[in-house]
$ cat entry_32.cif   # mmCIF, C-alpha atoms
data_entry
loop_
_atom_site.label_atom_id
_atom_site.label_comp_id
_atom_site.auth_asym_id
_atom_site.auth_seq_id
_atom_site.Cartn_x
_atom_site.Cartn_y
_atom_site.Cartn_z
CA MET A 253 28.06 -38.61 17.70
CA ALA A 254 27.19 -34.91 17.85
CA ASP A 255 23.56 -33.88 17.64
CA SER A 256 23.08 -32.14 14.27
CA LYS A 257 19.53 -31.03 15.00
CA PRO A 258 19.23 -27.33 14.08
CA MET A 259 18.61 -24.76 16.78
CA ARG A 260 15.00 -23.72 17.25
CA PHE A 261 14.12 -20.06 17.79
CA LEU A 262 11.12 -18.18 19.13
CA ALA A 263 10.18 -14.74 17.77
CA GLY A 264 7.17 -12.54 18.34
CA ASP A 265 5.56 -9.22 17.52
CA ILE A 266 3.52 -8.21 20.55
CA GLY A 267 1.05 -5.36 20.41
CA GLY A 268 -1.58 -4.06 22.77
CA THR A 269 -4.36 -6.04 21.04
CA LYS A 270 -2.73 -9.10 19.53
CA ALA A 271 0.53 -11.04 19.60
CA LEU A 272 2.00 -12.96 16.66
CA LEU A 273 4.32 -15.75 17.89
CA GLU A 274 6.45 -18.12 15.84
CA ILE A 275 8.82 -21.01 16.50
CA PHE A 276 11.20 -21.49 13.58
CA GLU A 277 14.60 -22.77 12.48
CA ARG A 278 17.11 -21.73 9.86
CA ALA A 279 16.67 -23.29 6.41
CA GLY A 280 19.46 -22.32 4.02
CA LYS A 281 19.34 -18.54 3.69
CA GLY A 282 15.77 -18.43 4.93
CA TYR A 283 13.59 -19.79 7.73
CA ARG A 284 11.23 -22.71 8.23
CA THR A 285 8.22 -22.16 10.48
CA ILE A 286 7.58 -24.96 12.94
CA GLN A 287 4.64 -23.48 14.78
CA ARG A 288 2.87 -20.15 14.54
CA THR A 289 -0.05 -18.59 16.40
CA GLU A 290 -1.84 -15.33 17.04
CA LYS A 291 -3.05 -14.61 20.56
CA PRO A 292 -5.14 -11.81 22.12
CA SER A 293 -2.45 -10.16 24.22
CA GLY A 294 -4.95 -8.08 26.19
CA GLN A 295 -6.46 -11.21 27.71
CA TYR A 296 -3.27 -12.16 29.56
CA PRO A 297 -2.32 -10.65 32.94
CA THR A 298 1.43 -10.58 32.22
CA PHE A 299 3.95 -10.84 29.41
CA GLU A 300 5.21 -14.13 30.86
CA ALA A 301 1.69 -15.58 30.98
CA LEU A 302 1.19 -14.88 27.29
CA LEU A 303 4.48 -16.48 26.26
CA GLY A 304 4.17 -19.38 28.69
CA ASP A 305 0.78 -20.33 27.27
CA PHE A 306 2.41 -20.81 23.87
CA VAL A 307 5.82 -22.20 24.81
CA GLN A 308 4.58 -24.82 27.27
CA SER A 309 2.10 -26.19 24.74
CA GLN A 310 4.78 -26.86 22.09
CA ASN A 311 7.27 -29.12 23.90
CA VAL A 312 10.09 -27.75 21.73
CA GLU A 313 13.58 -26.88 22.95
CA ILE A 314 14.26 -23.23 22.11
CA GLY A 315 17.80 -21.88 21.89
CA ALA A 316 17.03 -18.15 21.73
CA ALA A 317 14.02 -15.85 21.66
CA ALA A 318 13.39 -12.23 20.70
CA PHE A 319 10.24 -10.12 20.84
CA SER A 320 9.24 -6.86 19.23
CA VAL A 321 7.23 -4.87 21.81
CA ALA A 322 5.44 -1.53 21.53
CA ALA A 323 7.24 -0.05 24.52
CA PRO A 324 10.24 2.08 25.37
CA LEU A 325 12.99 -0.11 26.83
CA HIS A 326 16.04 0.50 28.97
CA GLU A 327 18.58 -2.25 29.66
CA GLY A 328 16.08 -4.98 28.87
CA ARG A 329 13.26 -3.57 30.97
CA GLY A 330 10.16 -1.59 30.14
CA ARG A 331 6.47 -0.98 30.65
CA PHE A 332 4.11 -1.81 27.84
CA THR A 333 2.47 1.27 26.34
CA ASN A 334 -1.10 -0.06 26.05
CA LEU A 335 -1.11 -2.90 28.58
CA PRO A 336 -0.47 -3.01 32.36
CA TRP A 337 2.65 -5.13 31.87
CA GLN A 338 6.09 -4.70 33.36
CA MET A 339 8.68 -6.50 31.25
CA ASP A 340 12.16 -7.69 32.16
CA GLU A 341 14.33 -9.86 29.92
CA ALA A 342 15.99 -11.69 32.81
CA VAL A 343 12.70 -12.40 34.61
CA ALA A 344 11.00 -13.63 31.42
CA ALA A 345 13.95 -15.87 30.49
CA ARG A 346 14.01 -17.41 33.96
CA GLU A 347 10.27 -18.01 34.21
CA LEU A 348 10.04 -19.47 30.71
CA GLY A 349 13.22 -21.54 31.00
CA LEU A 350 14.84 -19.94 27.93
CA PRO A 351 18.64 -19.61 27.81
CA ARG A 352 18.64 -16.34 25.84
CA LEU A 353 15.86 -13.80 25.46
CA ARG A 354 15.75 -10.27 24.08
CA LEU A 355 13.13 -7.54 24.10
CA VAL A 356 13.32 -5.11 21.21
CA ASN A 357 11.43 -1.86 20.69
CA ASP A 358 8.99 -2.39 17.82
CA PHE A 359 10.55 0.24 15.57
CA VAL A 360 14.06 -0.99 16.29
CA ALA A 361 12.76 -4.36 15.07
CA ALA A 362 11.20 -2.68 12.03
CA ALA A 363 14.44 -0.91 11.13
CA LEU A 364 16.37 -4.19 11.42
CA GLY A 365 13.75 -6.07 9.40
CA ILE A 366 13.88 -3.95 6.23
CA PRO A 367 16.56 -6.11 4.47
CA GLU A 368 14.40 -9.18 5.14
CA LEU A 369 11.60 -7.86 2.91
CA ALA A 370 11.02 -9.33 -0.54
CA PRO A 371 10.89 -6.96 -3.53
CA ALA A 372 7.10 -7.42 -3.73
CA ASP A 373 6.81 -6.21 -0.12
CA LEU A 374 7.78 -2.67 -1.15
CA LEU A 375 6.01 -0.06 -3.25
CA TRP A 376 8.63 2.51 -4.30
CA LEU A 377 7.11 5.97 -4.24
CA HIS A 378 10.34 7.83 -4.92
CA PRO A 379 12.91 5.38 -6.34
CA ALA A 380 16.10 7.40 -5.93
CA THR A 381 19.41 5.52 -5.95
CA LEU A 382 19.39 3.16 -2.96
CA ASN A 383 22.51 2.59 -0.88
CA PRO A 384 22.04 -0.79 0.89
CA ARG A 385 24.71 0.23 3.42
CA GLY A 386 23.21 3.66 4.07
CA VAL A 387 21.18 4.92 7.02
CA ARG A 388 17.53 3.87 6.83
CA VAL A 389 14.47 5.26 8.61
CA VAL A 390 11.13 3.54 9.29
CA LEU A 391 7.97 5.51 10.07
CA GLY A 392 4.81 3.78 11.19
CA ALA A 393 1.37 5.38 11.09
CA GLY A 394 -0.93 3.16 13.13
CA THR A 395 -2.31 3.54 16.63
CA GLY A 396 0.45 6.11 17.07
CA LEU A 397 3.27 7.47 14.93
CA GLY A 398 6.28 5.23 15.46
CA MET A 399 9.82 5.89 14.32
CA GLY A 400 13.12 4.04 14.27
CA PHE A 401 16.34 4.12 12.30
CA ALA A 402 19.36 1.97 11.55
CA THR A 403 22.99 2.98 11.03
CA PRO A 404 25.79 0.87 9.52
CA GLN A 405 28.47 -0.45 11.82
CA ALA A 406 32.13 0.31 11.14
CA ASP A 407 32.68 -3.06 9.44
CA GLY A 408 30.08 -2.09 6.84
CA GLN A 409 28.33 -5.47 7.20
CA ASP A 410 25.89 -5.16 10.10
CA PHE A 411 23.64 -2.40 11.39
CA ASP A 412 22.83 -0.88 14.74
CA ALA A 413 19.16 0.03 15.12
CA TRP A 414 17.89 2.82 17.35
CA PRO A 415 14.52 3.83 18.78
CA SER A 416 13.08 7.31 18.39
CA GLU A 417 10.15 9.29 19.76
CA GLY A 418 10.25 11.66 16.80
CA GLY A 419 6.55 11.10 16.15
CA HIS A 420 5.83 13.27 19.19
CA ALA A 421 7.71 16.29 17.82
CA ASP A 422 5.75 19.55 17.71
CA PHE A 423 3.42 19.84 14.74
CA ALA A 424 4.49 22.75 12.52
CA PRO A 425 1.75 24.16 10.25
CA ARG A 426 2.85 24.99 6.70
CA SER A 427 -0.25 26.86 5.48
CA ASP A 428 -3.21 28.89 6.72
CA GLU A 429 -5.37 25.76 6.57
CA GLU A 430 -2.91 23.86 8.76
CA VAL A 431 -2.89 26.73 11.24
CA GLU A 432 -6.66 26.21 11.52
CA ILE A 433 -6.13 22.47 11.92
CA TRP A 434 -3.63 23.16 14.70
CA ARG A 435 -6.18 25.42 16.46
CA TRP A 436 -8.87 22.78 16.13
CA ALA A 437 -6.60 20.02 17.48
CA HIS A 438 -5.37 22.23 20.30
CA GLN A 439 -8.99 22.85 21.32
CA VAL A 440 -9.96 19.18 21.15
CA ILE A 441 -6.82 17.90 22.88
CA GLN A 442 -6.69 20.84 25.27
CA GLY A 443 -2.95 21.04 25.04
CA ARG A 444 0.16 20.54 22.95
CA VAL A 445 -0.25 19.21 19.41
CA GLY A 446 2.45 16.80 18.25
CA TYR A 447 2.60 15.12 14.85
CA GLU A 448 1.21 11.87 16.28
CA ARG A 449 -2.04 13.67 17.11
CA LEU A 450 -2.67 14.06 13.37
CA ILE A 451 -0.65 11.30 11.67
CA SER A 452 -2.20 8.25 13.36
CA GLY A 453 -5.52 6.44 13.49
CA SER A 454 -7.02 8.93 15.92
CA GLY A 455 -5.45 11.72 13.86
CA LEU A 456 -7.34 10.60 10.76
CA SER A 457 -10.57 10.75 12.76
CA LEU A 458 -9.67 14.20 14.06
CA LEU A 459 -8.97 15.48 10.54
CA TYR A 460 -12.33 14.12 9.42
CA ALA A 461 -14.04 15.95 12.30
CA PHE A 462 -12.31 19.19 11.28
CA TYR A 463 -13.42 18.99 7.65
CA GLU A 464 -16.93 17.86 8.56
CA ALA A 465 -17.31 20.88 10.85
CA GLN A 466 -16.20 23.12 7.99
CA ARG A 467 -18.65 21.47 5.61
CA GLN A 468 -21.51 22.00 8.01
CA GLY A 469 -20.55 25.62 8.54
CA ARG A 470 -19.55 25.24 12.15
CA ALA A 471 -16.56 27.08 13.52
CA PRO A 472 -13.53 24.79 13.82
CA GLU A 473 -13.09 25.94 17.42
CA THR A 474 -16.25 24.10 18.53
CA ARG A 475 -15.74 20.59 19.84
CA GLU A 476 -19.06 19.20 18.61
CA ALA A 477 -18.14 17.29 15.47
CA THR A 478 -19.20 14.20 13.59
CA ALA A 479 -16.45 11.71 14.40
CA LEU A 480 -15.77 8.47 12.54
CA THR A 481 -13.36 5.67 13.38
CA PRO A 482 -10.21 5.50 11.22
CA ALA A 483 -11.60 2.41 9.47
CA ALA A 484 -14.87 4.22 8.76
CA VAL A 485 -13.03 7.24 7.33
CA SER A 486 -10.99 4.93 5.08
CA GLU A 487 -14.12 3.13 3.92
CA ALA A 488 -15.96 6.42 3.27
CA TYR A 489 -12.97 7.54 1.21
CA ARG A 490 -13.05 4.35 -0.85
CA MET A 491 -16.79 4.73 -1.48
CA GLY A 492 -16.14 8.24 -2.81
CA ARG A 493 -19.34 9.75 -1.43
CA ASP A 494 -18.05 11.75 1.52
CA PRO A 495 -16.13 14.95 0.72
CA SER A 496 -14.93 15.26 4.32
CA ALA A 497 -13.38 11.77 4.15
CA ARG A 498 -11.64 12.65 0.87
CA ARG A 499 -10.20 15.85 2.33
CA ALA A 500 -9.18 14.10 5.56
CA VAL A 501 -7.33 11.32 3.73
CA ASP A 502 -5.61 13.78 1.38
CA LYS A 503 -4.47 15.94 4.30
CA PHE A 504 -3.37 12.90 6.31
CA LEU A 505 -1.15 11.76 3.45
CA ASP A 506 0.02 15.33 2.86
CA LEU A 507 1.12 15.59 6.50
CA LEU A 508 2.74 12.16 6.43
CA GLY A 509 4.72 13.10 3.34
CA GLY A 510 5.93 16.30 4.98
CA PHE A 511 6.89 14.44 8.15
CA ALA A 512 8.77 11.81 6.11
CA GLY A 513 10.61 14.63 4.34
CA ASN A 514 11.58 16.06 7.72
CA ALA A 515 13.02 12.66 8.65
CA ALA A 516 14.97 12.66 5.38
CA LEU A 517 16.46 16.04 6.29
CA GLN A 518 17.37 14.87 9.79
CA TYR A 519 19.01 11.56 8.86
CA LEU A 520 19.90 11.89 5.13
CA PRO A 521 18.93 8.22 4.76
CA SER A 522 20.49 6.99 1.53
CA GLY A 523 19.25 3.55 2.62
CA GLY A 524 15.67 4.79 2.33
CA VAL A 525 12.67 6.12 4.21
CA TYR A 526 10.07 3.38 4.73
CA LEU A 527 6.39 3.99 5.53
CA ALA A 528 4.74 1.21 7.52
CA GLY A 529 1.82 0.77 9.91
CA GLY A 530 -1.82 -0.23 9.72
CA VAL A 531 -3.31 3.13 8.72
CA ILE A 532 -0.98 3.75 5.79
CA ALA A 533 -1.52 0.14 4.67
CA HIS A 534 -5.28 0.71 4.49
CA LEU A 535 -4.73 3.92 2.51
CA ALA A 536 -2.14 2.48 0.12
CA SER A 537 -4.43 2.78 -2.90
CA ALA A 538 -4.83 6.52 -2.23
CA VAL A 539 -1.10 7.26 -2.08
CA PRO A 540 -0.20 7.52 -5.81
CA LYS A 541 -2.69 10.37 -6.46
CA SER A 542 -2.20 12.06 -3.08
CA PRO A 543 0.05 15.01 -2.10
CA LEU A 544 2.36 12.67 -0.17
CA LEU A 545 5.30 12.63 -2.57
CA ARG A 546 5.07 16.34 -3.32
CA SER A 547 5.15 17.13 0.38
CA PHE A 548 8.05 14.71 0.91
CA VAL A 549 10.36 16.63 -1.44
CA ASP A 550 8.99 20.14 -0.83
CA LYS A 551 11.75 21.36 1.49
CA GLY A 552 12.70 24.67 -0.08
CA ARG A 553 16.44 25.14 -0.45
CA LEU A 554 17.04 21.57 0.75
CA SER A 555 14.61 19.86 -1.65
CA ASP A 556 17.49 18.40 -3.67
CA ALA A 557 18.88 16.71 -0.55
CA VAL A 558 15.52 15.00 0.06
CA ARG A 559 15.19 13.97 -3.59
CA ARG A 560 18.32 11.87 -3.13
CA CYS A 561 16.56 9.78 -0.44
CA PRO A 562 14.48 6.79 -1.63
CA LEU A 563 10.93 6.53 -0.27
CA ALA A 564 8.93 3.30 -0.09
CA LEU A 565 5.67 1.99 1.33
CA VAL A 566 5.96 -1.35 3.18
CA ARG A 567 3.24 -3.76 2.08
CA ASN A 568 4.17 -6.64 4.41
CA PRO A 569 2.41 -6.29 7.81
CA GLU A 570 4.98 -8.56 9.51
CA LEU A 571 7.99 -6.24 9.35
CA GLU A 572 8.46 -6.14 13.13
CA LEU A 573 8.29 -9.94 13.34
CA MET A 574 11.00 -10.15 10.67
CA GLY A 575 13.23 -7.92 12.78
CA ALA A 576 12.57 -9.96 15.92
CA ARG A 577 13.35 -13.14 13.99
CA LEU A 578 16.69 -11.70 12.90
CA VAL A 579 17.58 -10.70 16.47
CA ALA A 580 16.72 -14.18 17.75
CA VAL A 581 19.05 -15.80 15.20
CA GLN A 582 21.86 -13.36 16.02
CA LEU A 583 21.33 -14.02 19.71
CA GLY A 584 21.50 -17.77 19.23
CA ALA A 585 24.64 -17.56 17.12
CA SER A 586 26.68 -15.31 19.37
CA GLY A 587 25.03 -15.18 22.76
CA ARG A 588 24.05 -11.58 22.06
CA PRO A 589 22.47 -9.74 19.10
CA ALA A 590 24.48 -7.46 16.84
CA SER A 591 22.56 -4.49 18.25
CA ARG A 592 21.78 -3.72 21.85
CA ARG A 593 20.04 -0.44 20.98
CA SER A 594 16.44 -0.99 22.08
#
$ encode --input "entry_32.cif" --output "structure tokens"
Amino acid sequence: MADSKPMRFLAGDIGGTKALLEIFERAGKGYRTIQRTEKPSGQYPTFEALLGDFVQSQNVEIGAAAFSVAAPLHEGRGRFTNLPWQMDEAVAARELGLPRLRLVNDFVAAALGIPELAPADLLWLHPATLNPRGVRVVLGAGTGLGMGFATPQADGQDFDAWPSEGGHADFAPRSDEEVEIWRWAHQVIQGRVGYERLISGSGLSLLYAFYEAQRQGRAPETREATALTPAAVSEAYRMGRDPSARRAVDKFLDLLGGFAGNAALQYLPSGGVYLAGGVIAHLASAVPKSPLLRSFVDKGRLSDAVRRCPLALVRNPELELMGARLVAVQLGASGRPASRRS
């Protein structure tokens, strides 16, 4: 008699600080979690040591595994951005005894995971007509400024997802004030200013330092500034007592909106532009009254093209895990995932 036991899968979202790991199986059109844990990834010497600590403690046969990792990948290999880890799919599969294993860039996983979100996971900021089979773009403002996008395959059913380093594109000031911000950042960084330098956690702190220097009457070119952590800037904004925090948050969201509008021009994503990441999640309450949406559509002669692109804020912090889960299931079903673009 054939064994009807469903296949078990392992998925994970692995960052420089923590790793979320989950063993699950299919349950109808959804998933059933068998075991789930969060581990401090920085405390493990290797990628394999982190996974082995979890897998060996479960005594569960796993048919396929996929992991979202914050790293550029090439042919299943890569170096972690914020950890001294070399990663190789074949090596990890062999050492862990897993028959199939995939590594996926975190924003490839995010782009694949968008259809897995529930309606309550999304806050629609610009609800233009959504084409579920259209190109979609995910932007993530967190430790850095991540970016990924997905394009429909010829059969119109599945998607290919692609990584991008668009967050490192040159910052382009749009006003006299932003020229001054560029000069300040150039002085502090002592070099090239990309968008990630301003639209990220450290960017929020840098914007606060700029406005605090202005408030105190110091020239923006000086490097002595009152710096706050991103969390402290967000908290000061919520308390409403710090004008520099208010201006920093408004400008952060202004810049993010403009950058998202640039992505809309580049990809014409009728499937939507999605804003994710820890920083934007903490500032979600500030978005409706911020300049974000105005900056998104303010593209001169091409504003109408951007207005046709839906814009949403992702409320669910597990988007990358959802994408990794999907890849693991695809890998188990066919021996390879629908997309190899990582």
$ atom_distance --input "entry_32.cif" --atom1 "atom CA of A:Cys561" --atom2 "atom CA of A:Gly510"
13.6 Å
$ resolve_selection --input "entry_32.cif" --expression "the PyMOL selection byres ((chain A and resi 273) around 9)" --output "compact mmCIF listing (two decimals) with C-alpha atoms, in the frame of the given file"
# COMPACT_ATOMS: atom_id res chain seq x y z
CA LEU A 262 11.12 -18.18 19.13
CA ALA A 263 10.18 -14.74 17.77
CA GLY A 264 7.17 -12.54 18.34
CA ASP A 265 5.56 -9.22 17.52
CA ILE A 266 3.52 -8.21 20.55
CA ALA A 271 0.53 -11.04 19.60
CA LEU A 272 2.00 -12.96 16.66
CA GLU A 274 6.45 -18.12 15.84
CA ILE A 275 8.82 -21.01 16.50
CA GLN A 287 4.64 -23.48 14.78
CA ARG A 288 2.87 -20.15 14.54
CA THR A 289 -0.05 -18.59 16.40
CA GLU A 290 -1.84 -15.33 17.04
CA LYS A 291 -3.05 -14.61 20.56
CA LEU A 303 4.48 -16.48 26.26
CA PHE A 306 2.41 -20.81 23.87
CA PHE A 319 10.24 -10.12 20.84
CA LEU A 573 8.29 -9.94 13.34
$ residues_around --input "entry_32.cif" --residues "stretch 420-422 of chain A" --least-positions-apart "6" --cutoff "9 Å" --atoms "only C-alpha atoms" --output "number ranges by chain"
A: 397-398, 444-449
$ residues_around --input "entry_32.cif" --residues "A:Asp340" --least-positions-apart "6" --cutoff "8 Å" --atoms "all atoms listed in the file" --output "NGL selection string"
:A and (328-330)
$ resolve_selection --input "entry_32.cif" --expression "the PyMOL selection byres ((chain A and resi 345-362) around 8)" --output "VMD selection string"
chain A and resid 265 300 303 to 304 307 314 to 325 328 to 329 341 to 344 363 to 366 390 398 to 402 413 to 415 571 to 576 579 to 580 583 to 584 587 593 to 594
$ atom_distance --input "entry_32.cif" --atom1 "atom CA of A:Phe332" --atom2 "atom CA of A:Phe299"
9.2 Å
$ resolve_selection --input "entry_32.cif" --expression "the PyMOL selection byres ((chain A and resi 372) around 12)" --output "PyMOL selection string"
chain A and resi 368-371+373-376+564-568
$ atom_distance --input "entry_32.cif" --atom1 "atom CA of A:Ala536" --atom2 "atom CA of A:Gly386"
25.7 Å
$ closest_residue --input "entry_32.cif" --among "A:Leu458, A:Ala484, A:Val581, A:Ala424" --to "A:Ala437" --atoms "all atoms listed in the file"
A:Leu458
$ residues_around --input "entry_32.cif" --residues "A:His378" --least-positions-apart "3" --cutoff "12 Å" --atoms "all atoms listed in the file" --output "ChimeraX atom specification"
/A:374-375,381-382,509,512-513,524-527,539-540,544-549,558-565
$ closest_residue --input "entry_32.cif" --among "A:Arg577, A:Leu335, A:Gly523, A:Asp412" --to "A:Arg284" --atoms "only C-alpha atoms"
A:Arg577
$ closest_residue --input "entry_32.cif" --among "A:Arg331, A:His326, A:Arg498, A:Arg385" --to "A:Val485" --atoms "only C-alpha atoms"
A:Arg498
$ closest_residue --input "entry_32.cif" --among "A:Met491, A:Gly443, A:Arg426, A:Thr269" --to "A:Gly552" --atoms "only C-alpha atoms"
A:Arg426
